[in-house]
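Below is one structure; the comments refer to it alone.
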Amino acid sequence: MDMKSKPPVGWNGTTLKEMLAASERRFADTGHYQGLAELPIADRKPLLFERLHLKLRGALVSAREVARNISASPIVKELGELCFTVFTPEGDSVTLSTGIIVHVHTMSDVVKFMIRNDFEDDPGFAPGDIFCNNDVLAGNVHNCDIHTIIPFFWEGELVSWIAGVTHVPDVGARTPGSSPVGPMSTYDQGLTIPPQKIGENDRVFRAFRDMYKRTSRTPLLLELDEKTRLAGCVMIRQAIENLIREEGIDTYKQFMREAIEQGRRSFIRRVKRMLVPGRYRVPSFCDVPWENERGHLPQAAVNTLMNAPLEFTVNSDGTMKTTLDGASAWGFHTMNCSPSALQGGMWVMMCQSLADAESINDGAYFAMDQHFPRGSWTNPDNPEAGTAHAWHFLWSGLNGLFRFLSHGYHARGFIEEVVAGYGTTTNILYGSGLNMFGEPFAATNMEMTGAGLGARGCRDGLDCSYAMWNPESDIGDIETSWELWEPMLYLGRTVKPNTGGAGKYRGGNALESVRLVWKSQQAVFQHVGHGMVHVNCGLFGGYPSNTGYRRSAHDTDAFELIAKQAPLPTNDHDPEHSQVETMIKGRHIVDDNALTLPEPYSDGDLYVSVIQGGPGLGDPLEREPAAVVKDLAEGHLLPRFAERLYGVIAVQGPDGAWHVDVQATAARRAALRRARAEESVPVAQWLATETPRVQNGELPPWVRRMYQESIRLSTDWGGEFKAFWGIADGSAVYEPAAKK
Amino acid sequence: MRQVEILGIDAGGTMTDTIFVDTQGRFTVGKARSQPRDEAAAILHSAENALGYWQLDKAAALPGLKANIYSGTAMINRLVSRSGRATGLVITKGLEDSLRLERAVQVWLGQSYVDRLHSVTHEHNTPLIPKKWIRGVRERVDPLGCVAIPLYEADARQAVRELLAENVEAICICFLFSYLNPAHEERMKAIALEEMAAAGRSVPLFLSAEIHPFRGEFPRLNTLIAEAYAAEPSRRQVQLVEQRMKESGATVDLRIMASHGGTIDIETTQLSRSLVSGPIGGMVGARHLGRELGLANLIATDLGGTTFEVGVITGGQIGISLRPVLDHFYFNLPMVDLSSVGVGTGAFLSFDEYSRRVRIGPQSAGDRVGMCFPDGGCERPTITDCALITGILSPDNFLGGEMPLSVERAKQALDAQIASKFERDVYEIASGILEMQEAKMRDELRAVVLGKGYAFSDYALVCYGGGGPLHVGNYTDGLGFEDVLIPSWAAAFSAFGCTCAPHEYRFDRSTLLVIPPGADDAAKLAVARAVNETVASLAERVQREFALKRGDSGEITLSAIVRMQYKGQVTDLEIVSPKLMLESAADVDALVASFEQHYAEIYTLSAQFPEAGFVISGAAAVGSQRTTAPTLPKTARGPATPDPKALKGKRPIYWKGTFMEASIWSMEDIAPGNVVGGLAVIEDPATTLVVPPGKLVELDEYRIFHLRDARG
């Protein structure tokens, strides 16, 4: 059969490929989505526009609410990790439901992938067809986010695409969990479903279902999630049919396009109002310390430092450009990102801050140019690069986005919107084995959402309640969530002092848990965190938050202590005077390797989970002494840091209450300021001592390798780096021999 | 001589409503401004107002009362304003930070959609108990109910001694998994009693396993604290109301509306059950209406100044949620399941300059009404302003004309703040905004009804609340309800509902009983025994509560409820057990069959999956006593055409793009059997009913309007 004989399904007898090309041409020519200089509905009939928006959005939200009940996975049902969206035929998002809004754009990439790769010819698009994807190469964050996409036809034309995504609990990777850390590449990170047709007439092919169920450790949950997505899409299709009957097909078509152009304009207006034109550099770094990791192949057993030289340019017309030019290379781990994951991560943050959550769609995407260099971790352009835990680099690499926005907000007087950054949602406890009920478990402990939000423009950050990727955070009940899965008793779940960065306004502190392994069999647990580098930094003189660390105790005397009713640790508290080490005898493991592979544990062992606080804002010496004393009273600050960080001399009375010694504090602060002045050197002098070190490559090997990678991948960024430090072209230290 | 039989009280933050029902089932409604410092005075004042319409006084009316039901907001206000009593907390060591961690969810719970995403606005609530009054005691019970770490008794004694030294007025005890095994909480209580005796000072003790033995330590802790901190101190307040009522001639005891939809005695051991009582009344009233009219499936909608609330009654059963959110708090209580959206008639309107779009709410003008009320001090227009501008609401009929409103002020504000930004006519904008609000209400109805897997055509909708009748014609449009009912007393429907509630206690307990796939009879019987033991202990508690009230000897009807799920599932379903006690494997099979049927009805789109097995995740015992409830007065139907004197006149109304002439009717002059076609406005001092073009209403013999399409 001649493939080209299929009649086109686009509007007015065109193919989707022609429609996509025309849309891109119109945008390039005019700067308006679909060349829409005028918005007849939005401008002339604003309330009709609202009504259409409410109807479509309402359909998506109710579909999500109904469908989520079908799922048996706590990730979908309780944490709400599902989302539905409607696209134009070209694959541009018109509106979306609540939920994991990170996917505002990922599924758009999938639709465009199908169009560009001639899916219209093979397998063709027909009413009742079902498509699926979880492949980051086509468009996704990581492979546990599975997409169901259906075409919507009206009188023979493909009028819209409808898509749903859920975050499934296990993808059958080498190590357990939804976002496994342990696989070294695509080939051991579990299920990969490139875009494909998986059903007809609203029914999924049996072979497809059998395939994915055979791949996961949690086949039933995957099957119910699949039903959830398809049911939601079908409900939305029915709602759009009703909407078109009520309002007319031409109105609907016009509305879709205007909604996107309107979303673009709305975003631009906010940029103009709230930011200042210019170029903003907000870099960050992240460590993968796997040099001594047993069980890895040589190419994976290396220490890696990730470079995220995030940069934004705000243009005076309100458009923006972002680039990660200079990013280091992709590596043999699961933390590489696809461009669509990076876009998703950016949008989930924009929706919390700059973008209008009510009008979010692909319009905002059209208002921003993006560049992610090929070969880097941001765009590996290599099917081998693992991405199953892309979030690890995403939430560290994007930390600067809030810093960038906050500079604008501060300059324009939107002080209440300023936020210094956030703590990443690590440590994550992963594990598997048999639990207290003697049943197999594969756990991802979501209490990591008890990270700290950074200090805000006029107040402290938020303690123990922030997750960058889901602003509706929930650390869950011990009784209903964690101990039902994990064979570990909580000995304590507390606020960890000093995890938030110091500042005039301090960063939010984070959560810390101590677990006692109990009634376990064959249990392995894993630490997933950042131990070597600060992934955030303070704002306007504030300090970064804590780095993580790993602590565990094995072969302990915990049960003997319990028999004697002797004290047990509730937290590690001050790592320099560890409660766990003081109270518990045994083999202690404590180091900065906060990112490990699964390790065996047995009953009586202790596992400590330290999550990350948020960065601070402003000079700590400007913090109200009364606020420092309050932090002491509430256990947010270890006493010796009152003086060291804040210059506050606090005295504890016989009743235990803390008081400020006002005079001593003034004197101490003055002395600290003098000491700062004395330690300071002019920049030129500092450069004079540092430059030879950099030129000679006197850097830890992983730092040197990071810069080598960045220079190799980017002429611009590398050129700037070399020019700044006076590094000659061809320097052996920075430019390894070109690959054969 | 008219004989008054039932009194219902709704003591709200602003207004105190009372409703008296006589032996014929007729009722009279009174209103008075609330007096936070003397609640009883406001109630008596409101009662006088109500009785005045019947030319009765308190001395004549109150002695004949057979039921006196209270509902109010005092308790929740005590919680929100942090004005409860000094309470100490003894908790499993290591969890002392629970109230400031707030499980993270309480930093955003109760916020609007936009603010939930806008993370910089999130904030922790001030803990109800400060750190200095919290003590951790080392102990642990594991998820199987076994003791993993024994109670460290030295810690326990020390904790009580320290809290007594801090002069706390009550002590709460909350340990992990105490709902499975309360031994440690009970031992802690015994130790506390010994220490208090030794110290010569005694404070009341509250145990989480006694108050609400339910899975989920954080909402259980909140519920426990609410009881000790806010509910118990409120008992004196309701006792005072009862005392004053009795001094004025009442002989009957006061009962209070509980959040599960029954009324309980004010001596109950657990007053936190009535933490929310006002909005519950409406649901109970709707169920009562359904019983009287033979309608088993109802959607109850309450449009007030702040929110639009929706509840579902299926097969005569009110839907119950076990994890309600009140204010910013997450609780663990059986509560009538209501979902709400912030598009009440007082919702503020604004123009977003970036997106160039109109925003409705979520902030509300409350009793300040809108720009149209000059003394309200509002700076932004509200939905009520739009209703005035379009003409559906008359400026001279708000609260029976007691609050004259200015249409001109409403127009000016809407024009300046919104219409001019779009360069559109103020009428078009006002009408469009009403359509937006009504669309949001329709979305909420879709989410609630379809979200539970139900179909509109199986349900009749009941509309009440001050603003309901004004908008019902549009918010129900096109959804295809079986019937739409608007009681003529819609404005006082919640107080009415209180008078319809049974005297009823309900106690729940979490369980974890597995019925594996292919279970044999022995396994089923073991489950049956465990369910029976739980139900029996809860039923005993129900009996004890009834016994607290001296001389109350009515017959108690007991029933059992179980909560079930497929093994591994997250949500469970509530099933009324076919028998109070399960006697055989066949009884367990019947329970499973009932669950599977219920599951299939709700999740029609999903397959059942019995191959996973079943879990009984909770059980409850409910004990009810028959009470006097109003019978709806019936008047014979007359002709379809209303008496000409019912027609008050005509006025132009802006309706979807054009001015139309609307007929204006007096509600009290419309007689049963009368039919009024749209566009029409039917007015009464407390409410305004709008009949859209193409629709009509018919008043039935119970004085309930039925709204339907004019063309059948």
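Within each chain, counting starts at residue 1; across the structure tokens, chains are named A, B, ... in the order shown, with ligands numbered 1 upward in that order.
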
List as a short mmCIF file (atom, residue, chain, number, x, y, z; two decimals) with all heavy atoms, in the first residue's frame the protein and nucleic acid residues near Val662 (chain A), meaning an atom at most 8 Å away when only C-alpha atoms are counted, but skip any in the same chain fewer than 3 places from it.
data_model
loop_
_atom_site.label_atom_id
_atom_site.label_comp_id
_atom_site.auth_asym_id
_atom_site.auth_seq_id
_atom_site.Cartn_x
_atom_site.Cartn_y
_atom_site.Cartn_z
N ILE A 649 25.67 37.97 70.99
CA ILE A 649 26.08 37.37 72.27
C ILE A 649 24.80 37.12 73.05
O ILE A 649 24.11 38.05 73.48
CB ILE A 649 27.01 38.32 73.07
CG1 ILE A 649 28.17 38.80 72.18
CG2 ILE A 649 27.52 37.62 74.32
CD1 ILE A 649 29.11 37.72 71.68
N THR A 665 26.84 42.42 72.01
CA THR A 665 26.49 42.11 70.62
C THR A 665 26.97 43.23 69.69
O THR A 665 27.58 42.97 68.64
CB THR A 665 24.97 41.90 70.49
OG1 THR A 665 24.61 40.76 71.26
CG2 THR A 665 24.56 41.69 69.04
N ALA A 666 26.71 44.47 70.10
CA ALA A 666 27.14 45.61 69.26
C ALA A 666 28.65 45.57 69.09
O ALA A 666 29.18 45.76 67.98
CB ALA A 666 26.69 46.91 69.90
#

**Request:** Just list the residues in region 418-452 of chain A DSSP gives strand (DSSP E) on the backbone, as a VMD selection string.
**Result:** chain A and resid 428 to 434 440 to 444

Pick out the chain B residues within 7 Å of chain A. Count only C-alpha atoms. Give them as a PDB file with N, CA, C and O atoms, in the first residue's frame.
ATOM      1  N   LYS B  93       8.457   9.977  71.760  1.00  0.00           N
ATOM      2  CA  LYS B  93       9.705  10.744  71.677  1.00  0.00           C
ATOM      3  C   LYS B  93      10.219  10.760  70.238  1.00  0.00           C
ATOM      4  O   LYS B  93      10.172   9.751  69.542  1.00  0.00           O
ATOM      5  N   GLY B  94      10.683  11.928  69.827  1.00  0.00           N
ATOM      6  CA  GLY B  94      11.152  12.081  68.462  1.00  0.00           C
ATOM      7  C   GLY B  94      10.137  12.819  67.593  1.00  0.00           C
ATOM      8  O   GLY B  94      10.476  13.315  66.531  1.00  0.00           O
ATOM      9  N   LEU B  95       8.888  12.876  68.073  1.00  0.00           N
ATOM     10  CA  LEU B  95       7.855  13.554  67.280  1.00  0.00           C
ATOM     11  C   LEU B  95       7.426  14.877  67.913  1.00  0.00           C
ATOM     12  O   LEU B  95       6.365  15.409  67.597  1.00  0.00           O
ATOM     13  N   ASP B  97       8.287  17.724  67.360  1.00  0.00           N
ATOM     14  CA  ASP B  97       8.186  18.828  66.399  1.00  0.00           C
ATOM     15  C   ASP B  97       6.943  18.734  65.508  1.00  0.00           C
ATOM     16  O   ASP B  97       6.758  19.566  64.610  1.00  0.00           O
ATOM     17  N   LEU B 101       6.059  21.039  62.220  1.00  0.00           N
ATOM     18  CA  LEU B 101       6.253  20.477  60.880  1.00  0.00           C
ATOM     19  C   LEU B 101       4.935  20.520  60.110  1.00  0.00           C
ATOM     20  O   LEU B 101       4.919  20.713  58.892  1.00  0.00           O
ATOM     21  N   ARG B 103       3.116  18.366  59.015  1.00  0.00           N
ATOM     22  CA  ARG B 103       3.147  17.427  57.894  1.00  0.00           C
ATOM     23  C   ARG B 103       3.381  18.141  56.561  1.00  0.00           C
ATOM     24  O   ARG B 103       3.079  17.616  55.497  1.00  0.00           O
ATOM     25  N   ALA B 104       3.855  19.358  56.628  1.00  0.00           N
ATOM     26  CA  ALA B 104       4.097  20.229  55.462  1.00  0.00           C
ATOM     27  C   ALA B 104       2.800  20.680  54.797  1.00  0.00           C
ATOM     28  O   ALA B 104       2.734  21.781  54.259  1.00  0.00           O
ATOM     29  N   VAL B 105       1.768  19.892  54.829  1.00  0.00           N
ATOM     30  CA  VAL B 105       0.552  20.230  54.064  1.00  0.00           C
ATOM     31  C   VAL B 105      -0.164  21.461  54.597  1.00  0.00           C
ATOM     32  O   VAL B 105      -0.822  22.169  53.841  1.00  0.00           O
ATOM     33  N   TRP B 108      -0.142  25.094  53.053  1.00  0.00           N
ATOM     34  CA  TRP B 108      -0.917  25.524  51.865  1.00  0.00           C
ATOM     35  C   TRP B 108      -2.373  25.090  51.913  1.00  0.00           C
ATOM     36  O   TRP B 108      -3.193  25.563  51.125  1.00  0.00           O
ATOM     37  N   VAL B 114      -4.410  29.419  43.067  1.00  0.00           N
ATOM     38  CA  VAL B 114      -3.261  30.236  42.658  1.00  0.00           C
ATOM     39  C   VAL B 114      -2.241  30.327  43.791  1.00  0.00           C
ATOM     40  O   VAL B 114      -1.037  30.178  43.577  1.00  0.00           O
ATOM     41  N   ARG B 116      -1.821  28.208  46.209  1.00  0.00           N
ATOM     42  CA  ARG B 116      -1.201  26.913  46.466  1.00  0.00           C
ATOM     43  C   ARG B 116       0.066  26.760  45.635  1.00  0.00           C
ATOM     44  O   ARG B 116       1.050  26.186  46.072  1.00  0.00           O
ATOM     45  N   LEU B 117       0.015  27.279  44.392  1.00  0.00           N
ATOM     46  CA  LEU B 117       1.194  27.208  43.522  1.00  0.00           C
ATOM     47  C   LEU B 117       2.211  28.289  43.866  1.00  0.00           C
ATOM     48  O   LEU B 117       3.395  28.119  43.631  1.00  0.00           O
ATOM     49  N   HIS B 118       1.739  29.398  44.413  1.00  0.00           N
ATOM     50  CA  HIS B 118       2.588  30.568  44.648  1.00  0.00           C
ATOM     51  C   HIS B 118       3.328  30.370  45.976  1.00  0.00           C
ATOM     52  O   HIS B 118       2.936  30.890  47.017  1.00  0.00           O
ATOM     53  N   SER B 119       4.441  29.617  45.910  1.00  0.00           N
ATOM     54  CA  SER B 119       5.030  29.071  47.135  1.00  0.00           C
ATOM     55  C   SER B 119       5.540  30.137  48.090  1.00  0.00           C
ATOM     56  O   SER B 119       5.604  29.902  49.287  1.00  0.00           O
ATOM     57  N   VAL B 120       5.870  31.312  47.576  1.00  0.00           N
ATOM     58  CA  VAL B 120       6.424  32.343  48.456  1.00  0.00           C
ATOM     59  C   VAL B 120       5.373  32.803  49.484  1.00  0.00           C
ATOM     60  O   VAL B 120       5.707  33.362  50.518  1.00  0.00           O
ATOM     61  N   GLU B 123       3.008  29.605  54.549  1.00  0.00           N
ATOM     62  CA  GLU B 123       3.491  29.915  55.889  1.00  0.00           C
ATOM     63  C   GLU B 123       2.984  28.887  56.880  1.00  0.00           C
ATOM     64  O   GLU B 123       1.898  28.334  56.706  1.00  0.00           O
ATOM     65  N   PRO B 143       3.858  -1.203  63.298  1.00  0.00           N
ATOM     66  CA  PRO B 143       2.629  -1.193  62.472  1.00  0.00           C
ATOM     67  C   PRO B 143       1.800  -2.475  62.590  1.00  0.00           C
ATOM     68  O   PRO B 143       0.673  -2.517  62.104  1.00  0.00           O
ATOM     69  N   ILE B 149       9.428  -0.891  71.423  1.00  0.00           N
ATOM     70  CA  ILE B 149      10.202  -0.256  72.482  1.00  0.00           C
ATOM     71  C   ILE B 149       9.227  -0.059  73.645  1.00  0.00           C
ATOM     72  O   ILE B 149       8.200   0.600  73.469  1.00  0.00           O
ATOM     73  N   TYR B 152       9.148   4.008  78.367  1.00  0.00           N
ATOM     74  CA  TYR B 152      10.185   4.366  79.349  1.00  0.00           C
ATOM     75  C   TYR B 152       9.465   5.100  80.484  1.00  0.00           C
ATOM     76  O   TYR B 152       9.158   6.285  80.384  1.00  0.00           O
ATOM     77  N   PHE B 177       0.694   4.567  66.439  1.00  0.00           N
ATOM     78  CA  PHE B 177      -0.017   3.284  66.317  1.00  0.00           C
ATOM     79  C   PHE B 177      -0.850   2.934  67.555  1.00  0.00           C
ATOM     80  O   PHE B 177      -1.184   1.768  67.763  1.00  0.00           O
ATOM     81  N   ARG B 215      -6.202   5.679  62.052  1.00  0.00           N
ATOM     82  CA  ARG B 215      -4.886   5.676  61.422  1.00  0.00           C
ATOM     83  C   ARG B 215      -4.536   7.062  60.896  1.00  0.00           C
ATOM     84  O   ARG B 215      -5.387   7.743  60.327  1.00  0.00           O
ATOM     85  N   GLY B 216      -3.287   7.477  61.029  1.00  0.00           N
ATOM     86  CA  GLY B 216      -2.838   8.802  60.559  1.00  0.00           C
ATOM     87  C   GLY B 216      -2.540   9.682  61.747  1.00  0.00           C
ATOM     88  O   GLY B 216      -3.430  10.330  62.287  1.00  0.00           O
ATOM     89  N   GLU B 217      -1.265   9.708  62.198  1.00  0.00           N
ATOM     90  CA  GLU B 217      -0.984  10.337  63.491  1.00  0.00           C
ATOM     91  C   GLU B 217      -1.163  11.844  63.474  1.00  0.00           C
ATOM     92  O   GLU B 217      -1.528  12.427  64.499  1.00  0.00           O
ATOM     93  N   PHE B 218      -0.963  12.497  62.346  1.00  0.00           N
ATOM     94  CA  PHE B 218      -1.032  13.959  62.400  1.00  0.00           C
ATOM     95  C   PHE B 218      -2.473  14.470  62.507  1.00  0.00           C
ATOM     96  O   PHE B 218      -2.784  15.246  63.412  1.00  0.00           O
ATOM     97  N   TYR B 354      -1.766  41.850  33.726  1.00  0.00           N
ATOM     98  CA  TYR B 354      -0.804  41.130  32.894  1.00  0.00           C
ATOM     99  C   TYR B 354      -1.514  40.220  31.889  1.00  0.00           C
ATOM    100  O   TYR B 354      -1.216  40.212  30.710  1.00  0.00           O
ATOM    101  N   SER B 355      -2.450  39.436  32.420  1.00  0.00           N
ATOM    102  CA  SER B 355      -3.143  38.519  31.515  1.00  0.00           C
ATOM    103  C   SER B 355      -4.350  39.213  30.886  1.00  0.00           C
ATOM    104  O   SER B 355      -4.959  38.670  29.985  1.00  0.00           O
ATOM    105  N   GLY B 432     -21.524  39.093  32.024  1.00  0.00           N
ATOM    106  CA  GLY B 432     -20.491  38.109  31.696  1.00  0.00           C
ATOM    107  C   GLY B 432     -19.838  37.549  32.942  1.00  0.00           C
ATOM    108  O   GLY B 432     -19.527  36.360  33.015  1.00  0.00           O
ATOM    109  N   MET B 436     -19.510  33.757  34.307  1.00  0.00           N
ATOM    110  CA  MET B 436     -18.257  33.107  34.746  1.00  0.00           C
ATOM    111  C   MET B 436     -18.441  32.428  36.098  1.00  0.00           C
ATOM    112  O   MET B 436     -18.000  31.301  36.314  1.00  0.00           O
ATOM    113  N   ASP B 443     -18.766  23.786  37.118  1.00  0.00           N
ATOM    114  CA  ASP B 443     -17.564  22.946  37.145  1.00  0.00           C
ATOM    115  C   ASP B 443     -17.452  22.193  38.456  1.00  0.00           C
ATOM    116  O   ASP B 443     -17.057  21.032  38.497  1.00  0.00           O
ATOM    117  N   ARG B 446     -19.824  19.386  38.416  1.00  0.00           N
ATOM    118  CA  ARG B 446     -19.318  18.299  37.573  1.00  0.00           C
ATOM    119  C   ARG B 446     -18.236  17.521  38.318  1.00  0.00           C
ATOM    120  O   ARG B 446     -18.247  16.298  38.334  1.00  0.00           O
ATOM    121  N   ALA B 447     -17.317  18.271  38.958  1.00  0.00           N
ATOM    122  CA  ALA B 447     -16.212  17.603  39.644  1.00  0.00           C
ATOM    123  C   ALA B 447     -16.743  16.712  40.758  1.00  0.00           C
ATOM    124  O   ALA B 447     -16.288  15.586  40.943  1.00  0.00           O
ATOM    125  N   LEU B 450     -19.510  13.879  38.864  1.00  0.00           N
ATOM    126  CA  LEU B 450     -18.802  12.951  37.978  1.00  0.00           C
ATOM    127  C   LEU B 450     -17.603  12.352  38.706  1.00  0.00           C
ATOM    128  O   LEU B 450     -17.253  11.199  38.490  1.00  0.00           O
ATOM    129  N   GLY B 451     -17.007  13.144  39.593  1.00  0.00           N
ATOM    130  CA  GLY B 451     -15.832  12.681  40.344  1.00  0.00           C
ATOM    131  C   GLY B 451     -16.150  11.484  41.208  1.00  0.00           C
ATOM    132  O   GLY B 451     -15.271  10.721  41.560  1.00  0.00           O
ATOM    133  N   LYS B 452     -17.384  11.331  41.594  1.00  0.00           N
ATOM    134  CA  LYS B 452     -17.759  10.162  42.369  1.00  0.00           C
ATOM    135  C   LYS B 452     -18.364   9.103  41.455  1.00  0.00           C
ATOM    136  O   LYS B 452     -18.854   8.072  41.925  1.00  0.00           O
ATOM    137  N   GLY B 568      -3.902  -2.998  48.854  1.00  0.00           N
ATOM    138  CA  GLY B 568      -2.919  -2.180  48.156  1.00  0.00           C
ATOM    139  C   GLY B 568      -3.470  -0.828  47.730  1.00  0.00           C
ATOM    140  O   GLY B 568      -2.718   0.075  47.424  1.00  0.00           O
ATOM    141  N   GLN B 569      -4.809  -0.694  47.711  1.00  0.00           N
ATOM    142  CA  GLN B 569      -5.385   0.580  47.288  1.00  0.00           C
ATOM    143  C   GLN B 569      -5.212   1.648  48.355  1.00  0.00           C
ATOM    144  O   GLN B 569      -4.987   1.337  49.525  1.00  0.00           O
ATOM    145  N   VAL B 570      -5.383   2.873  47.936  1.00  0.00           N
ATOM    146  CA  VAL B 570      -5.170   3.974  48.854  1.00  0.00           C
ATOM    147  C   VAL B 570      -6.487   4.468  49.446  1.00  0.00           C
ATOM    148  O   VAL B 570      -6.585   4.742  50.628  1.00  0.00           O
ATOM    149  N   TYR B 603     -16.733   3.591  40.306  1.00  0.00           N
ATOM    150  CA  TYR B 603     -15.629   3.628  39.331  1.00  0.00           C
ATOM    151  C   TYR B 603     -15.986   2.773  38.125  1.00  0.00           C
ATOM    152  O   TYR B 603     -15.295   1.809  37.804  1.00  0.00           O
ATOM    153  N   LEU B 605     -15.536   3.134  35.237  1.00  0.00           N
ATOM    154  CA  LEU B 605     -14.545   3.086  34.168  1.00  0.00           C
ATOM    155  C   LEU B 605     -13.398   2.146  34.500  1.00  0.00           C
ATOM    156  O   LEU B 605     -12.587   1.811  33.660  1.00  0.00           O
ATOM    157  N   SER B 606     -13.321   1.771  35.744  1.00  0.00           N
ATOM    158  CA  SER B 606     -12.177   0.951  36.132  1.00  0.00           C
ATOM    159  C   SER B 606     -12.649  -0.462  36.410  1.00  0.00           C
ATOM    160  O   SER B 606     -13.748  -0.682  36.865  1.00  0.00           O
TER     161      SER B 606
END

**Request:** Looking only at helix (DSSP H, G or I) from DSSP on the backbone, list the matching residues of region 278-346 of chain B as a ChimeraX atom specification.
**Result:** /B:278-293

Output of the above residues as a CSV table (one decimal), in the first residue's frame, restricted to N, CA and C atoms:
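Once everything was written out, this is out27.csv:
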chain,number,residue,atom,x,y,z
B,278,GLY,N,-22.6,24.3,61.7
B,278,GLY,CA,-23.5,25.1,60.8
B,278,GLY,C,-23.8,24.5,59.5
B,279,PRO,N,-22.7,24.3,58.6
B,279,PRO,CA,-23.0,23.8,57.3
B,279,PRO,C,-23.6,22.4,57.2
B,280,ILE,N,-23.4,21.7,58.3
B,280,ILE,CA,-23.9,20.3,58.3
B,280,ILE,C,-25.5,20.3,58.3
B,281,GLY,N,-26.1,21.3,58.9
B,281,GLY,CA,-27.5,21.4,59.0
B,281,GLY,C,-28.2,21.3,57.6
B,282,GLY,N,-27.6,22.0,56.7
B,282,GLY,CA,-28.2,22.1,55.3
B,282,GLY,C,-28.3,20.7,54.7
B,283,MET,N,-27.2,19.9,54.9
B,283,MET,CA,-27.2,18.5,54.3
B,283,MET,C,-28.3,17.7,55.0
B,284,VAL,N,-28.4,17.8,56.3
B,284,VAL,CA,-29.4,17.0,57.0
B,284,VAL,C,-30.8,17.4,56.6
B,285,GLY,N,-31.0,18.7,56.4
B,285,GLY,CA,-32.2,19.2,55.9
B,285,GLY,C,-32.6,18.7,54.5
B,286,ALA,N,-31.6,18.6,53.7
B,286,ALA,CA,-31.8,18.1,52.3
B,286,ALA,C,-32.2,16.7,52.4
B,287,ARG,N,-31.5,15.9,53.2
B,287,ARG,CA,-31.9,14.5,53.3
B,287,ARG,C,-33.3,14.3,53.8
B,288,HIS,N,-33.7,15.2,54.8
B,288,HIS,CA,-35.1,15.1,55.3
B,288,HIS,C,-36.1,15.5,54.2
B,289,LEU,N,-35.8,16.5,53.4
B,289,LEU,CA,-36.6,16.9,52.3
B,289,LEU,C,-36.8,15.7,51.4
B,290,GLY,N,-35.7,15.0,51.1
B,290,GLY,CA,-35.7,13.8,50.2
B,290,GLY,C,-36.6,12.7,50.7
B,291,ARG,N,-36.5,12.5,52.0
B,291,ARG,CA,-37.3,11.5,52.6
B,291,ARG,C,-38.8,11.8,52.5
B,292,GLU,N,-39.1,13.1,52.8
B,292,GLU,CA,-40.5,13.5,52.7
B,292,GLU,C,-41.1,13.4,51.3
B,293,LEU,N,-40.2,13.7,50.3
B,293,LEU,CA,-40.6,13.7,48.9
B,293,LEU,C,-40.4,12.4,48.2

**Asked** Near Val517 (chain A), within 10 Å and counting only C-alpha atoms, which residues show up once chain neighbours fewer than 4 positions away are dropped, as a list in words?
**Response** Asn435, Met436, Glu486, Pro487, Met488, Leu489, Tyr490, Gln521, Ala523, His554, Tyr601, Ser602, Asp603, Gly604, Asp605, Leu606 and Tyr607 of chain A

**Request:** Would you mind listing what lies within 12 Å of Leu193 (chain B) as a list in words, with only C-alpha atoms counted and same-chain residues fewer than 3 positions away left out?
**Result:**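 The residues that qualify are Ala156, Arg157, Val160, Arg161, Leu164, Ile171, Glu186, Arg187, Met188, Lys189, Ala190, Met196, Ala197, Ala198, Ala199, Gly200, Arg201, Ser202, Val203, Pro204, Leu205 and Phe206 of chain B.
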
**Request:** With a distance cut-off of 9 Å and only C-alpha atoms, select the neighbouring residues of Leu303 (chain B), excluding the residue or stretch itself and same-chain residues fewer than 6 positions from it, and output the selection as a ChimeraX atom specification.
**Result:** /B:309-310,343-345,463-469,471

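Each of A:Gly541, A:Gly363, A:Gly423, A:Gly613 was checked against Met256 (chain A) using only C-alpha atoms; the smallest atom-to-atom distance is that of A:Gly363.
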